[in-house]
Structures are given as C-alpha cells and as structure tokens.
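**Student:** The structure's right below; bear with me while I get my questions together.
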Amino acid sequence: MRSDFLNFAGRFVSLLIVVWVSLSFPSDAQAIDVGNLDGRLNVSSHAAFAEDVPAATTIADILKPDSGIVFVANTKDTVQASSRNGDVWMRTQLSNSTAADLHGDLVVRFPYLQRVDVYLLDADGKMLSGTAGASVARSGIALPAPFPSFEIDVPAGETRTVYVRASGGPMVVMPVWFHTSADYQAWFQGNVAILALLMGIACTFTAYAWSIARKSDTLAYRLYFWFCVTAITYVIFSTGMGKSLFWPQSNVSTLTLVYILQGAVTAFGAVFICNFLDIRRIWPAFFVLINGLVALCVLSSIGGFFPGHLSRAVYMICSGVGPIVVLIGVWILHRRGVPGAGAVLIGWAPLITATVWLYLRLFEITPYFEINHYVVPLGLCFTVFQFSWAISNRVKDAEASAATDPLTGLSNRRDLDRTLAALTRSNTPACTAVLAIDLDGFKAINDTHGHEAGDMVLQVIASRLKNVGAGRAKPFRTGGDEFLIVYSNKDARLEIQEFGNQCITVINRPIAFRGTLLRVGASVGVAFIDDQVDFRESISRADAALYAAKRDGKGVVRLFDQRQAPVGQPGFRPIVVNA
C-alpha cells in the first residue's frame, strides 16, 4: 500500500510540474477546429495575446518575422489587459476540417472598447479586415451590433488566422466568441431583446415619473424624473445600443457620453434621495457631503481635461466610492427611523451592487459571466422600480391625508365630493341611501369639559360609525359634529331605516372621560336613491329630513319620501320613525 501511495504522489507531483512549465513559458495557441461547431465557442481561452503594443503598430508590422511582438498563450476565459501603454493584440487560428464551407461571426462582448480591428488572413496572405467600436465608424467585415462583431468565413479544409487589435479606456476586456451564423442570429436577437425589455421597463417607470412630476410641485419628483431619463440614456449608450442605433457610420465616440451619463445618474440619484428624505433638515452634515459628491459628478463630466490620475480618481469617487457613501448614509437614516429611508435603501443598493461587481471584474476578482453585460441595466431597472414604488406610496399617503379628517380618521368632504363624482359617472347607482347625522348635545360637552373632551367624543363616535357600517356603509365627517353615511348595500328600505336606528343607539352609549361619563345623542335624516335621483340631490334631501328631525324633538330617524316633491317645493312630508 505504501508503494501505491508513493506512485500516486509521484504522478501528482509530475502533473504539477508539467502544468507549471506549460503556464510559465510563452507559447503560441493551437488552431481551433470549428468545422463541427454547433453553436458557439470561447475563442479567448484558445488564443495568444500581446499587450502594450504601440498604437502606431500596424498588421504589417505584426506579420514581420522580426517584429519583436511576443504573443503569450492565454490561460483564462477572457483576455484582459491594461491599455494605458498601448494596444492589446490577440491571435488565433480557425480551421475547418469538414467538406463544407463555414460561415460564422466573431463577437467581442465588451461595448466599452474605443476601437477594434479584426484581420482575417488566408494561407496565401490575402487579408480581409473590419473596424468597429465606440469611437469609430463601422467598416469592412464588421456587423451592425451593440458589441464589435465581424463576419468570418473558413472554407472547407482550410485554416484562417485571425488577429484582433483593441484599444480603449484604462482597461481592455476581450471575451471573444465565435458563433455559427444560426447561433449568432439567435444570440444577437436574444441579447437585443433582453436590452430592449430592460429599457422598456425603465421607460415605463419614466413615464410614471413624468405623470407624477407634472402634477406636483414637489422638487423630489422632478429630480426623480430626470434620474430616470439619465438612467435610460446611460443604459442605451453603455450597452453599445446607442452607437449601433444612432451613428454607426461616424467616428463620434460614445464613451465620453457614457462617463458623463454615469456621473449624471449618480448626481440625480443623490439629489433625489436628499430631497425625498429631507436630508437638509434632518442631517445637515450628510446634506453637505451629498452636495460635494454632486459637484464631483459635474467635474467628472469634464474629467478629460484633467491629468490622468486626477481624472481617474474623480471618476472612481463618482461611480464607486460616492454612491457607497450615500448608501451607508441612507442606511443610518433607516436605522434612525426616517420615513422612506428603508425604501430608498432597497432601491439604491442593487445599483451600487452592480457597479461594485463590475469594478471587481475589471480587477479580475470576480469571474466573467454572460450576465455581466446586463448587471448595470438590471440594477437600474430595479432601482427605478423601487423608487417608483416609494414615490407611489408617498403620493397615496398624501392623497389619503388630504381626503381624510385628521381628528377622526374618517373620509372628509373632499373625499365625499370625489366619491359622488364617481357615483354620478356610473350608469347604475352604487348606493341605495344617504344618511345625514348630527350630534345632539355636543356643544354642551365642549362648553363644560373643554375641546379635548369634544375631540375624544368625535373620535369614539367615528369609530362606532365605522364599526356599525362595516361592509355596507361608508361614513364621512362633513362638519364639526356632522356626519354623512353613504349606504351601499342593496337592502330593503326597512333594513336601512333600522340601520339609522342602530346609528343612534351606538352614538347614545356613554363615553368615559377622566372618570366622567359623557352622553351625546344624534338625529338622522335618510334619503333613498333610485335611478331618477341625483346623488347631490339625495344629500340635500337627507339634510332636509335631518333638519325636520332636529326641529321636532331630536333623537329620531326621519325619512324623505321620494314620492313627494323635491326639497324646497310644496308637498314635502317627511315620515317619522321613532328611534
């Protein structure tokens, strides 16, 4: 057994030495047989690359035997190198071992590249070329797509050498894939469909933000609208869609616009959060910090005029460090119980997480995944969704507050008018009766025990009316001690009359206040509704019946007889039903 273990250990050490040697010494990549390819293939992991190649170097210089350019075999899924000191070149060979010609497409899945040149060489030295990227016009064998994409033909039994030169920004990432034509079409359509779906979602919430902003004078809602606009524009151009859609045949660079938009997204997001949570009032120091971040975002838009290190530092603060600081501050506000801070925290976190993920990818800490291309758009979509939800809740709360009596919690006259307008637009009456209620003896309680006692009495009575009418009637407070109930159940008139008596009964119950039992009575006027009666007229009739009840003894229910003439005309004869 000992000998078996030693044999295993020896083989394992030998394997480690072989792997170490293969990874330590430069070597050229072997040709990739794509003849039997069914779908797509990661070319980066089978290629050799060279970095820090002077920008003036041409393909003719590369092909010289004494060029001095050293290509090193790539051992990772993606070629990633710095482009501060020059371009990045990649070389690979595609062979077709079958008897049928192969037509495929080469895709560099990284939209931030300023320029990508592809050169396709055959055995006789003939060459096809194409150019694409964020700052150059598409030409040659390049295809119209968000990512730099190129047509590649490999005839039967032949081999083609592919050179790729890329430059742009401080970092060049080249996840290069080769697709069959059918797979490329499916992948391209799926990719565009996902991006279009994400932008459609963002546009939907932007339209909602506009509908809120144009109806309100609240600054936070207008800032949120512009946050949505900049977010959508950023997604369009950062994914490469903008270049391919608007000016693919021009040498206009979109990267500068992307950097400006990224700063704008951070700035509008931070200012929106600041106004939405009223940070200036509740935390002045954090307010000053956010304004400093916004100023840096403005500077980042002209960062190209700064020295390289300063420009990169400002960009890192605006796109990474600053938003994280805002996130921490909002978390602290949430811990302090600031209204709305929790919703903002949930909305801001995915966007920051997506940004941090991409930064970690640039430093090769996180792996390359297909979803990396959609991380930021997904984060932005979730952010605008969550912010819209938070704004919607605040708008609903504001509307409810405006339509609610602050003392009793009942709907007020404003909500009654809105309810009546909705009922008037309905072809079929949505309620069967209106009951007007006025308290008897309430002024004496205010005069004797003070307004605090009167307020408590109103609150208790409001609660009792809600309970007695639960599921069939909605109470409103229309005045000091006046209430109105819209009865919605399709009950018989006798049952509605009995409901009026129940209201008087529950109101008559004593109310304890500081060791004293307070008593208050009520009078009720009822008007029934049918297809021929206007809702506002029914309120007038209920008020008239209530006036008769107050005049003739109080504490009773009076019904307006709809067979009689309208209020104010001869023939009005209310029917009296004792409580």
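Numbering starts fresh at 1 for the residues of each chain in the structure tokens, the chains themselves are lettered A, B, ... in the order given, and ligands are numbered from 1 as they appear.
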Can I get the residues of segment 84-169 of chain A within 10 Å of segment 218-238 of chain A, each with the closest pair of atoms and their distance in Å to one decimal, using only C-alpha atoms, sorted chain first then ascending number, as JSON lines?
**Tutor:**
{"residue": "A:Phe110", "atom": "CA", "partner": "A:Ser238", "partner_atom": "CA", "distance": 9.9}
{"residue": "A:Pro111", "atom": "CA", "partner": "A:Ser238", "partner_atom": "CA", "distance": 7.0}
{"residue": "A:Tyr112", "atom": "CA", "partner": "A:Ser238", "partner_atom": "CA", "distance": 7.2}
{"residue": "A:Ala134", "atom": "CA", "partner": "A:Phe237", "partner_atom": "CA", "distance": 9.2}
{"residue": "A:Pro146", "atom": "CA", "partner": "A:Phe237", "partner_atom": "CA", "distance": 9.1}
**Student:** Find the residues near Ile391 of chain A: any atom within 9 Å, counting only C-alpha atoms, skip ones fewer than 4 places away on the same chain, and give them as a PyMOL selection string.
**Tutor:** chain A and resi 209+212+221+276+340+386-387+395-396
**Student:** Among the residues of segment 231-331 of chain A, find those DSSP assigns to helix (DSSP H, G or I) from the backbone and print them as number ranges by chain.
**Tutor:** A: 231-238, 241-246, 255-276, 279-282, 284-300, 303-305, 308-331
**Student:** Would you list the contacts of segment 499-514 of chain A as a ChimeraX atom specification, taking every protein, DNA or RNA residue within 8 Å and counting only C-alpha atoms, but skipping same-chain residues closer than 2 positions in sequence?
**Tutor:** /A:435,453,457,460-461,464-465,468,495-497,516-524,526,555-557,579
**Student:** Store the residues picked out above in a file with N, CA, C and O atoms, as an mmCIF file, in the first residue's frame.
**Tutor:**
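Saved result, again13.cif, follows:
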data_model
loop_
_atom_site.group_PDB
_atom_site.id
_atom_site.type_symbol
_atom_site.label_atom_id
_atom_site.label_comp_id
_atom_site.auth_asym_id
_atom_site.auth_seq_id
_atom_site.Cartn_x
_atom_site.Cartn_y
_atom_site.Cartn_z
ATOM 1 N N LEU A 435 -77.466 58.931 4.521
ATOM 2 C CA LEU A 435 -77.922 59.263 5.871
ATOM 3 C C LEU A 435 -77.125 60.445 6.394
ATOM 4 O O LEU A 435 -75.879 60.411 6.396
ATOM 5 N N ALA A 453 -62.215 67.007 25.502
ATOM 6 C CA ALA A 453 -63.299 66.038 25.663
ATOM 7 C C ALA A 453 -64.117 65.944 24.379
ATOM 8 O O ALA A 453 -64.510 64.848 23.949
ATOM 9 N N VAL A 457 -64.780 62.594 22.053
ATOM 10 C CA VAL A 457 -66.131 62.134 21.733
ATOM 11 C C VAL A 457 -66.275 61.921 20.229
ATOM 12 O O VAL A 457 -66.827 60.907 19.774
ATOM 13 N N VAL A 460 -64.466 58.713 19.224
ATOM 14 C CA VAL A 460 -65.171 57.498 19.632
ATOM 15 C C VAL A 460 -66.380 57.260 18.731
ATOM 16 O O VAL A 460 -66.639 56.134 18.279
ATOM 17 N N ILE A 461 -67.122 58.303 18.446
ATOM 18 C CA ILE A 461 -68.312 58.165 17.605
ATOM 19 C C ILE A 461 -67.927 57.773 16.180
ATOM 20 O O ILE A 461 -68.592 56.945 15.545
ATOM 21 N N ARG A 464 -67.292 54.150 16.187
ATOM 22 C CA ARG A 464 -68.543 53.384 16.297
ATOM 23 C C ARG A 464 -69.284 53.362 14.959
ATOM 24 O O ARG A 464 -69.856 52.330 14.575
ATOM 25 N N LEU A 465 -69.272 54.471 14.261
ATOM 26 C CA LEU A 465 -69.955 54.510 12.970
ATOM 27 C C LEU A 465 -69.266 53.609 11.952
ATOM 28 O O LEU A 465 -69.931 52.965 11.130
ATOM 29 N N VAL A 468 -70.324 49.962 12.945
ATOM 30 C CA VAL A 468 -71.709 49.593 12.686
ATOM 31 C C VAL A 468 -72.005 49.525 11.193
ATOM 32 O O VAL A 468 -72.888 48.792 10.743
ATOM 33 N N GLU A 495 -84.748 47.787 6.263
ATOM 34 C CA GLU A 495 -83.432 47.498 6.852
ATOM 35 C C GLU A 495 -82.589 48.760 6.940
ATOM 36 O O GLU A 495 -81.814 48.933 7.889
ATOM 37 N N ILE A 496 -82.696 49.632 5.960
ATOM 38 C CA ILE A 496 -81.936 50.883 6.002
ATOM 39 C C ILE A 496 -82.450 51.773 7.128
ATOM 40 O O ILE A 496 -81.673 52.446 7.828
ATOM 41 N N GLN A 497 -83.772 51.787 7.312
ATOM 42 C CA GLN A 497 -84.331 52.532 8.448
ATOM 43 C C GLN A 497 -83.783 51.988 9.774
ATOM 44 O O GLN A 497 -83.421 52.741 10.669
ATOM 45 N N THR A 516 -65.534 60.597 34.208
ATOM 46 C CA THR A 516 -66.893 61.106 33.984
ATOM 47 C C THR A 516 -67.477 60.430 32.750
ATOM 48 O O THR A 516 -66.781 60.227 31.754
ATOM 49 N N LEU A 517 -68.750 60.086 32.819
ATOM 50 C CA LEU A 517 -69.429 59.508 31.670
ATOM 51 C C LEU A 517 -70.106 60.616 30.877
ATOM 52 O O LEU A 517 -70.966 61.342 31.399
ATOM 53 N N LEU A 518 -69.695 60.768 29.648
ATOM 54 C CA LEU A 518 -70.257 61.779 28.771
ATOM 55 C C LEU A 518 -71.327 61.138 27.889
ATOM 56 O O LEU A 518 -71.157 60.024 27.411
ATOM 57 N N ARG A 519 -72.418 61.863 27.691
ATOM 58 C CA ARG A 519 -73.506 61.352 26.853
ATOM 59 C C ARG A 519 -73.826 62.366 25.762
ATOM 60 O O ARG A 519 -73.896 63.562 26.019
ATOM 61 N N VAL A 520 -74.020 61.816 24.565
ATOM 62 C CA VAL A 520 -74.390 62.648 23.439
ATOM 63 C C VAL A 520 -75.403 61.858 22.601
ATOM 64 O O VAL A 520 -75.341 60.634 22.522
ATOM 65 N N GLY A 521 -76.356 62.560 22.043
ATOM 66 C CA GLY A 521 -77.378 61.922 21.222
ATOM 67 C C GLY A 521 -77.154 62.223 19.753
ATOM 68 O O GLY A 521 -76.144 62.811 19.357
ATOM 69 N N ALA A 522 -78.099 61.810 18.912
ATOM 70 C CA ALA A 522 -77.977 62.043 17.465
ATOM 71 C C ALA A 522 -79.341 62.062 16.822
ATOM 72 O O ALA A 522 -80.278 61.404 17.278
ATOM 73 N N SER A 523 -79.440 62.832 15.740
ATOM 74 C CA SER A 523 -80.621 62.838 14.875
ATOM 75 C C SER A 523 -80.178 62.414 13.484
ATOM 76 O O SER A 523 -79.062 62.740 13.053
ATOM 77 N N VAL A 524 -81.057 61.679 12.783
ATOM 78 C CA VAL A 524 -80.678 61.105 11.489
ATOM 79 C C VAL A 524 -81.739 61.428 10.450
ATOM 80 O O VAL A 524 -82.937 61.297 10.706
ATOM 81 N N VAL A 526 -82.685 60.444 6.391
ATOM 82 C CA VAL A 526 -82.395 59.433 5.371
ATOM 83 C C VAL A 526 -83.083 59.795 4.066
ATOM 84 O O VAL A 526 -84.270 60.177 4.070
ATOM 85 N N GLY A 555 -83.143 63.038 18.279
ATOM 86 C CA GLY A 555 -83.040 61.645 18.671
ATOM 87 C C GLY A 555 -83.911 60.710 17.865
ATOM 88 O O GLY A 555 -84.266 59.625 18.345
ATOM 89 N N VAL A 556 -84.297 61.102 16.647
ATOM 90 C CA VAL A 556 -85.175 60.273 15.827
ATOM 91 C C VAL A 556 -84.587 60.132 14.427
ATOM 92 O O VAL A 556 -83.691 60.869 14.039
ATOM 93 N N VAL A 557 -85.143 59.168 13.673
ATOM 94 C CA VAL A 557 -84.799 58.983 12.272
ATOM 95 C C VAL A 557 -85.951 59.489 11.435
ATOM 96 O O VAL A 557 -87.106 59.116 11.662
ATOM 97 N N ALA A 579 -86.804 56.515 17.177
ATOM 98 C CA ALA A 579 -85.581 55.756 17.456
ATOM 99 C C ALA A 579 -85.867 54.679 18.482
ATOM 100 O O ALA A 579 -86.712 54.838 19.334
#
**Student:** Compare A:Lys76, A:His179, A:Arg472, A:His451 by their minimum atom-to-atom distance to Gly39 of chain A, counting only C-alpha atoms, and give me the closest one.
**Tutor:** A:His179
**Student:** Write out as a PyMOL selection string which residues come within 10 Å of Val294 of chain A when counting only C-alpha atoms, dropping same-chain ones fewer than 5 positions away.
**Tutor:** chain A and resi 263-264+266-271+288-289+299-300+318+322
**Student:** Which residues in segment 141-234 of chain A does DSSP call strand (DSSP E)? List them as a ChimeraX atom specification.
**Tutor:** /A:142-143,149-154,159-167,171-174,176-180
